[in-house]
Amino acid sequence: MNTPTEADIQRELAQLATLRDAIATAIVGQQDVVEQLLIALLAGGHCLLEGVPGLGKTLLVRSLGQALDLQFRRVQFTPDLMPSDILGTEILEEDHGTGHRMFKFQRGPVFTNLLLADELNRTPPKTQAALLEAMQERTVSYAGVTHALPAPFFVLATQNPLEQSGTYPLPEAQLDRFLLHVKVDYPDEAEERTIIEQTTGRPQPEVPRVMHGEAILGLQARVREVHLGDELLTWITRLVRATRPHPPGSADAGVPEVNQWVRWGAGPRAGQSLVLAAKARALLHGRLAATREDVIALAAPVMRHRLLLSFVAEAERRTADDVVAALLRAMPPPAA
């Protein structure tokens, strides 16, 4: 891509502002959640939203699908859902002219630009794993044939907290495919009052379509051009490596909280995700260079689903966010 002019950048940033405004026509508050969802979109990654029922997770993803001029499909994950219900299956067809029969692949709902995997953790692991290849390779293999998915392709999944009944933990390999794990919390009192008022009065207008697929692909390419300094890259690398507990007696003692609370740390994909997410946040805020504030803001959403906590952490009611906070205290970022 050619070096962008000031007019090019301003036009792209205006598109992002328009997209934010379009989503705001249906969503009250949740600004941090909306921002992280857009960061995943710009970085070309998938996003996992977690929160109790009734907080608008599905509405948020549906509103994004309406604002984007892309093909959008929703799959409601249930305990009886099968992999073929997502990927597709072969059907037997007959040529009425020749009487010849043949199998034809009938594509499933995964063949879309934006896939809403609603309540992903309410289906067993066998069906959850059906999305692994699609999320990583952007392809679907069936009966020895590989089918390419359209570009762009995003999986935006929602899940209920694991403490709720009827949920299945997502496999670590699948969790690692999500760029961000976004926590959706309760709204404040003013926002909740507005939500109740808007949803019990006149029907709200539909979310306008404001951006098409080519514009999204262009913005994703622009994110790759955002500058991230060598010192910041070194710090991100060390931060990710520090999530892995060190055995007793090793030369590097590591971070005490990590050694106590973590069984398995984050892999290299966490570093890749943190760099891309930081660059996407910088562009979203109108900058062509990522800063340490971008990294700090996204450290928890990038890492919280990539850390396997120990029994000690569970007994002490520690969370992955506590581990990330301890890491940031023990390993301060480089000077601005």
# chains A, B, ... in the order shown; residues from 1 in each chain; ligands from 1
>>> residues_around(residues="Gly54 in chain A", least_positions_apart="4", cutoff="10 Å", atoms="only C-alpha atoms", output="PyMOL selection string")
chain A and resi 58-59+186
>>> residues_around(residues="range 263-267 of chain A", least_positions_apart="4", cutoff="6 Å", atoms="only C-alpha atoms", output="list in words")
Thr243, Arg244, Arg306, Leu307, Leu308, Leu309 and Ser310 of chain A
>>> select_by_dssp(residues="range 229-281 of chain A", states="helix (DSSP H, G or I)", output="ChimeraX atom specification")
/A:230-241,256-261,268-281
>>> write_last_selection(atoms="N, CA and C atoms", output="mmCIF file, in the first residue's frame")
data_model
loop_
_atom_site.group_PDB
_atom_site.id
_atom_site.type_symbol
_atom_site.label_atom_id
_atom_site.label_comp_id
_atom_site.auth_asym_id
_atom_site.auth_seq_id
_atom_site.Cartn_x
_atom_site.Cartn_y
_atom_site.Cartn_z
ATOM 1 N N ASP A 230 10.832 -0.517 18.835
ATOM 2 C CA ASP A 230 11.590 -1.707 19.234
ATOM 3 C C ASP A 230 11.515 -1.952 20.739
ATOM 4 N N GLU A 231 11.622 -0.885 21.543
ATOM 5 C CA GLU A 231 11.567 -1.056 22.995
ATOM 6 C C GLU A 231 10.212 -1.593 23.430
ATOM 7 N N LEU A 232 9.150 -1.119 22.790
ATOM 8 C CA LEU A 232 7.810 -1.588 23.121
ATOM 9 C C LEU A 232 7.638 -3.045 22.701
ATOM 10 N N LEU A 233 8.195 -3.414 21.565
ATOM 11 C CA LEU A 233 8.115 -4.803 21.108
ATOM 12 C C LEU A 233 8.875 -5.732 22.056
ATOM 13 N N THR A 234 10.038 -5.291 22.503
ATOM 14 C CA THR A 234 10.803 -6.096 23.461
ATOM 15 C C THR A 234 10.034 -6.266 24.769
ATOM 16 N N TRP A 235 9.391 -5.187 25.223
ATOM 17 C CA TRP A 235 8.615 -5.264 26.470
ATOM 18 C C TRP A 235 7.431 -6.215 26.335
ATOM 19 N N ILE A 236 6.754 -6.171 25.197
ATOM 20 C CA ILE A 236 5.623 -7.083 24.968
ATOM 21 C C ILE A 236 6.108 -8.531 24.991
ATOM 22 N N THR A 237 7.229 -8.787 24.334
ATOM 23 C CA THR A 237 7.782 -10.149 24.309
ATOM 24 C C THR A 237 8.099 -10.632 25.716
ATOM 25 N N ARG A 238 8.749 -9.797 26.512
ATOM 26 C CA ARG A 238 9.093 -10.183 27.873
ATOM 27 C C ARG A 238 7.841 -10.336 28.742
ATOM 28 N N LEU A 239 6.846 -9.508 28.493
ATOM 29 C CA LEU A 239 5.607 -9.580 29.261
ATOM 30 C C LEU A 239 4.912 -10.921 29.025
ATOM 31 N N VAL A 240 4.851 -11.342 27.756
ATOM 32 C CA VAL A 240 4.215 -12.616 27.438
ATOM 33 C C VAL A 240 5.013 -13.780 28.022
ATOM 34 N N ARG A 241 6.329 -13.733 27.896
ATOM 35 C CA ARG A 241 7.158 -14.814 28.429
ATOM 36 C C ARG A 241 7.067 -14.890 29.959
ATOM 37 N N PRO A 256 6.651 -13.665 41.210
ATOM 38 C CA PRO A 256 6.127 -14.555 42.268
ATOM 39 C C PRO A 256 4.653 -14.898 42.108
ATOM 40 N N GLU A 257 3.827 -13.905 41.749
ATOM 41 C CA GLU A 257 2.396 -14.162 41.590
ATOM 42 C C GLU A 257 2.131 -15.148 40.464
ATOM 43 N N VAL A 258 2.918 -15.066 39.399
ATOM 44 C CA VAL A 258 2.751 -16.008 38.281
ATOM 45 C C VAL A 258 3.118 -17.409 38.733
ATOM 46 N N ASN A 259 4.222 -17.556 39.419
ATOM 47 C CA ASN A 259 4.635 -18.882 39.898
ATOM 48 C C ASN A 259 3.604 -19.503 40.827
ATOM 49 N N GLN A 260 2.881 -18.682 41.543
ATOM 50 C CA GLN A 260 1.917 -19.174 42.516
ATOM 51 C C GLN A 260 0.533 -19.419 41.896
ATOM 52 N N TRP A 261 0.138 -18.571 40.956
ATOM 53 C CA TRP A 261 -1.254 -18.586 40.479
ATOM 54 C C TRP A 261 -1.439 -19.215 39.104
ATOM 55 N N PRO A 268 3.179 -17.783 22.050
ATOM 56 C CA PRO A 268 3.562 -16.684 21.153
ATOM 57 C C PRO A 268 2.389 -15.959 20.505
ATOM 58 N N ARG A 269 1.254 -16.672 20.326
ATOM 59 C CA ARG A 269 0.105 -16.011 19.701
ATOM 60 C C ARG A 269 -0.387 -14.836 20.553
ATOM 61 N N ALA A 270 -0.142 -14.892 21.866
ATOM 62 C CA ALA A 270 -0.527 -13.770 22.725
ATOM 63 C C ALA A 270 0.272 -12.521 22.368
ATOM 64 N N GLY A 271 1.565 -12.686 22.106
ATOM 65 C CA GLY A 271 2.370 -11.541 21.706
ATOM 66 C C GLY A 271 1.933 -10.968 20.372
ATOM 67 N N GLN A 272 1.643 -11.846 19.411
ATOM 68 C CA GLN A 272 1.150 -11.372 18.119
ATOM 69 C C GLN A 272 -0.155 -10.599 18.289
ATOM 70 N N SER A 273 -1.049 -11.149 19.110
ATOM 71 C CA SER A 273 -2.347 -10.510 19.312
ATOM 72 C C SER A 273 -2.201 -9.167 20.007
ATOM 73 N N LEU A 274 -1.299 -9.083 20.982
ATOM 74 C CA LEU A 274 -1.127 -7.835 21.720
ATOM 75 C C LEU A 274 -0.557 -6.744 20.821
ATOM 76 N N VAL A 275 0.366 -7.100 19.943
ATOM 77 C CA VAL A 275 0.926 -6.109 19.013
ATOM 78 C C VAL A 275 -0.150 -5.610 18.056
ATOM 79 N N LEU A 276 -0.895 -6.528 17.439
ATOM 80 C CA LEU A 276 -1.925 -6.124 16.486
ATOM 81 C C LEU A 276 -3.031 -5.326 17.164
ATOM 82 N N ALA A 277 -3.429 -5.750 18.356
ATOM 83 C CA ALA A 277 -4.482 -5.035 19.069
ATOM 84 C C ALA A 277 -4.027 -3.632 19.447
ATOM 85 N N ALA A 278 -2.772 -3.490 19.886
ATOM 86 C CA ALA A 278 -2.253 -2.167 20.234
ATOM 87 C C ALA A 278 -2.207 -1.258 19.003
ATOM 88 N N LYS A 279 -1.804 -1.804 17.878
ATOM 89 C CA LYS A 279 -1.792 -1.012 16.649
ATOM 90 C C LYS A 279 -3.207 -0.604 16.243
ATOM 91 N N ALA A 280 -4.159 -1.527 16.374
ATOM 92 C CA ALA A 280 -5.547 -1.221 16.009
ATOM 93 C C ALA A 280 -6.120 -0.145 16.923
ATOM 94 N N ARG A 281 -5.795 -0.215 18.221
ATOM 95 C CA ARG A 281 -6.290 0.815 19.145
ATOM 96 C C ARG A 281 -5.691 2.179 18.814
#
>>> residues_around(residues="Pro152 in chain A", least_positions_apart="2", cutoff="12 Å", atoms="only C-alpha atoms", output="PyMOL selection string")
chain A and resi 41-46+68-72+111-115+135+138+148-150+154-155+212-221
>>> closest_residue(among="A:Lys104, A:Arg287, A:Pro53, A:Leu131", to="Leu228 in chain A", atoms="only C-alpha atoms")
A:Arg287
>>> residues_around(residues="range 121-125 of chain A", least_positions_apart="3", cutoff="8 Å", atoms="only C-alpha atoms", output="list in words")
Phe77, Thr78, Pro79, Asp80, Leu81, Gln128, Ala129, Gln159, Asn160, Gly166, Thr167, Tyr168, Pro169, Leu170 and Pro171 of chain A
>>> residues_around(residues="range 48-50 of chain A", least_positions_apart="5", cutoff="7 Å", atoms="only C-alpha atoms", output="JSON list (two decimals) with N, CA and C atoms, in the first residue's frame")
[["chain", "number", "residue", "atom", "x", "y", "z"],
["A", 57, "LYS", "N", -25.19, -8.61, 24.78],
["A", 57, "LYS", "CA", -24.06, -9.13, 23.99],
["A", 57, "LYS", "C", -24.52, -9.46, 22.56],
["A", 156, "LEU", "N", -17.57, -13.72, 16.02],
["A", 156, "LEU", "CA", -17.86, -12.97, 17.23],
["A", 156, "LEU", "C", -18.74, -13.86, 18.08],
["A", 157, "ALA", "N", -18.16, -14.38, 19.15],
["A", 157, "ALA", "CA", -18.85, -15.37, 19.97],
["A", 157, "ALA", "C", -19.25, -14.76, 21.31],
["A", 158, "THR", "N", -20.37, -15.22, 21.82],
["A", 158, "THR", "CA", -20.79, -14.85, 23.17],
["A", 158, "THR", "C", -20.79, -16.11, 24.02],
["A", 159, "GLN", "N", -20.51, -15.93, 25.30],
["A", 159, "GLN", "CA", -20.59, -17.06, 26.22],
["A", 159, "GLN", "C", -21.07, -16.57, 27.57],
["A", 160, "ASN", "N", -21.75, -17.46, 28.28],
["A", 160, "ASN", "CA", -22.19, -17.17, 29.63],
["A", 160, "ASN", "C", -21.09, -17.58, 30.60],
["A", 161, "PRO", "N", -21.03, -16.96, 31.78],
["A", 161, "PRO", "CA", -20.00, -17.36, 32.76],
["A", 161, "PRO", "C", -20.07, -18.85, 33.06],
["A", 178, "PHE", "N", -9.06, -16.74, 19.74],
["A", 178, "PHE", "CA", -9.72, -15.45, 19.90],
["A", 178, "PHE", "C", -8.68, -14.38, 20.19],
["A", 180, "LEU", "N", -9.32, -11.31, 21.35],
["A", 180, "LEU", "CA", -9.68, -10.65, 22.60],
["A", 180, "LEU", "C", -10.77, -11.42, 23.32],
["A", 181, "HIS", "N", -10.68, -11.41, 24.64],
["A", 181, "HIS", "CA", -11.74, -11.92, 25.51],
["A", 181, "HIS", "C", -12.29, -10.72, 26.26],
["A", 182, "VAL", "N", -13.49, -10.31, 25.90],
["A", 182, "VAL", "CA", -14.08, -9.07, 26.40],
["A", 182, "VAL", "C", -15.10, -9.39, 27.49],
["A", 183, "LYS", "N", -14.95, -8.75, 28.64],
["A", 183, "LYS", "CA", -15.90, -8.90, 29.73],
["A", 183, "LYS", "C", -16.99, -7.84, 29.59],
["A", 184, "VAL", "N", -18.24, -8.26, 29.59],
["A", 184, "VAL", "CA", -19.39, -7.35, 29.52],
["A", 184, "VAL", "C", -20.01, -7.28, 30.90]]
>>> closest_residue(among="A:Glu206, A:Asp85, A:Asp32, A:Asp188", to="Leu64 in chain A", atoms="only C-alpha atoms")
A:Glu206
>>> decode(residues="range 36-62 of chain A", atoms="N, CA and C atoms", output="short mmCIF file (atom, residue, chain, number, x, y, z; two decimals), in the first residue's frame")
data_model
loop_
_atom_site.label_atom_id
_atom_site.label_comp_id
_atom_site.auth_asym_id
_atom_site.auth_seq_id
_atom_site.Cartn_x
_atom_site.Cartn_y
_atom_site.Cartn_z
N GLN A 36 -13.34 -2.37 22.11
CA GLN A 36 -12.59 -3.62 21.98
C GLN A 36 -13.12 -4.46 20.83
N LEU A 37 -14.42 -4.40 20.59
CA LEU A 37 -14.99 -5.12 19.46
C LEU A 37 -14.46 -4.55 18.14
N LEU A 38 -14.37 -3.23 18.05
CA LEU A 38 -13.84 -2.59 16.84
C LEU A 38 -12.35 -2.85 16.69
N ILE A 39 -11.63 -2.94 17.80
CA ILE A 39 -10.20 -3.26 17.74
C ILE A 39 -10.01 -4.65 17.14
N ALA A 40 -10.81 -5.62 17.58
CA ALA A 40 -10.72 -6.96 17.01
C ALA A 40 -11.03 -6.94 15.52
N LEU A 41 -12.01 -6.14 15.13
CA LEU A 41 -12.38 -6.03 13.73
C LEU A 41 -11.23 -5.48 12.90
N LEU A 42 -10.59 -4.40 13.39
CA LEU A 42 -9.50 -3.77 12.66
C LEU A 42 -8.27 -4.67 12.61
N ALA A 43 -8.04 -5.42 13.68
CA ALA A 43 -6.87 -6.29 13.73
C ALA A 43 -7.08 -7.59 12.97
N GLY A 44 -8.30 -7.83 12.49
CA GLY A 44 -8.58 -9.04 11.73
C GLY A 44 -8.69 -10.28 12.59
N GLY A 45 -9.04 -10.10 13.87
CA GLY A 45 -9.13 -11.23 14.77
C GLY A 45 -10.55 -11.49 15.23
N HIS A 46 -10.72 -12.60 15.93
CA HIS A 46 -12.03 -12.99 16.46
C HIS A 46 -12.16 -12.48 17.89
N CYS A 47 -13.40 -12.36 18.35
CA CYS A 47 -13.66 -11.76 19.64
C CYS A 47 -14.65 -12.62 20.43
N LEU A 48 -14.35 -12.82 21.71
CA LEU A 48 -15.21 -13.58 22.61
C LEU A 48 -15.75 -12.64 23.67
N LEU A 49 -17.08 -12.51 23.74
CA LEU A 49 -17.72 -11.64 24.71
C LEU A 49 -18.35 -12.50 25.80
N GLU A 50 -18.05 -12.18 27.05
CA GLU A 50 -18.58 -12.96 28.16
C GLU A 50 -19.33 -12.06 29.13
N GLY A 51 -20.50 -12.52 29.53
CA GLY A 51 -21.31 -11.79 30.50
C GLY A 51 -22.57 -12.56 30.79
N VAL A 52 -23.23 -12.20 31.88
CA VAL A 52 -24.47 -12.89 32.23
C VAL A 52 -25.54 -12.55 31.20
N PRO A 53 -26.58 -13.37 31.08
CA PRO A 53 -27.65 -13.09 30.10
C PRO A 53 -28.32 -11.74 30.36
N GLY A 54 -28.72 -11.09 29.27
CA GLY A 54 -29.48 -9.86 29.38
C GLY A 54 -28.68 -8.58 29.33
N LEU A 55 -27.37 -8.66 29.06
CA LEU A 55 -26.54 -7.46 29.03
C LEU A 55 -26.34 -6.90 27.62
N GLY A 56 -26.97 -7.51 26.63
CA GLY A 56 -26.91 -6.96 25.27
C GLY A 56 -25.77 -7.47 24.43
N LYS A 57 -25.19 -8.61 24.78
CA LYS A 57 -24.06 -9.13 23.99
C LYS A 57 -24.52 -9.46 22.56
N THR A 58 -25.62 -10.18 22.46
CA THR A 58 -26.11 -10.55 21.13
C THR A 58 -26.54 -9.32 20.35
N LEU A 59 -27.21 -8.38 21.02
CA LEU A 59 -27.64 -7.15 20.36
C LEU A 59 -26.45 -6.36 19.84
N LEU A 60 -25.36 -6.34 20.60
CA LEU A 60 -24.17 -5.61 20.18
C LEU A 60 -23.59 -6.20 18.91
N VAL A 61 -23.45 -7.51 18.87
CA VAL A 61 -22.88 -8.16 17.68
C VAL A 61 -23.82 -8.00 16.49
N ARG A 62 -25.13 -8.14 16.73
CA ARG A 62 -26.08 -7.98 15.65
C ARG A 62 -26.06 -6.54 15.11
#
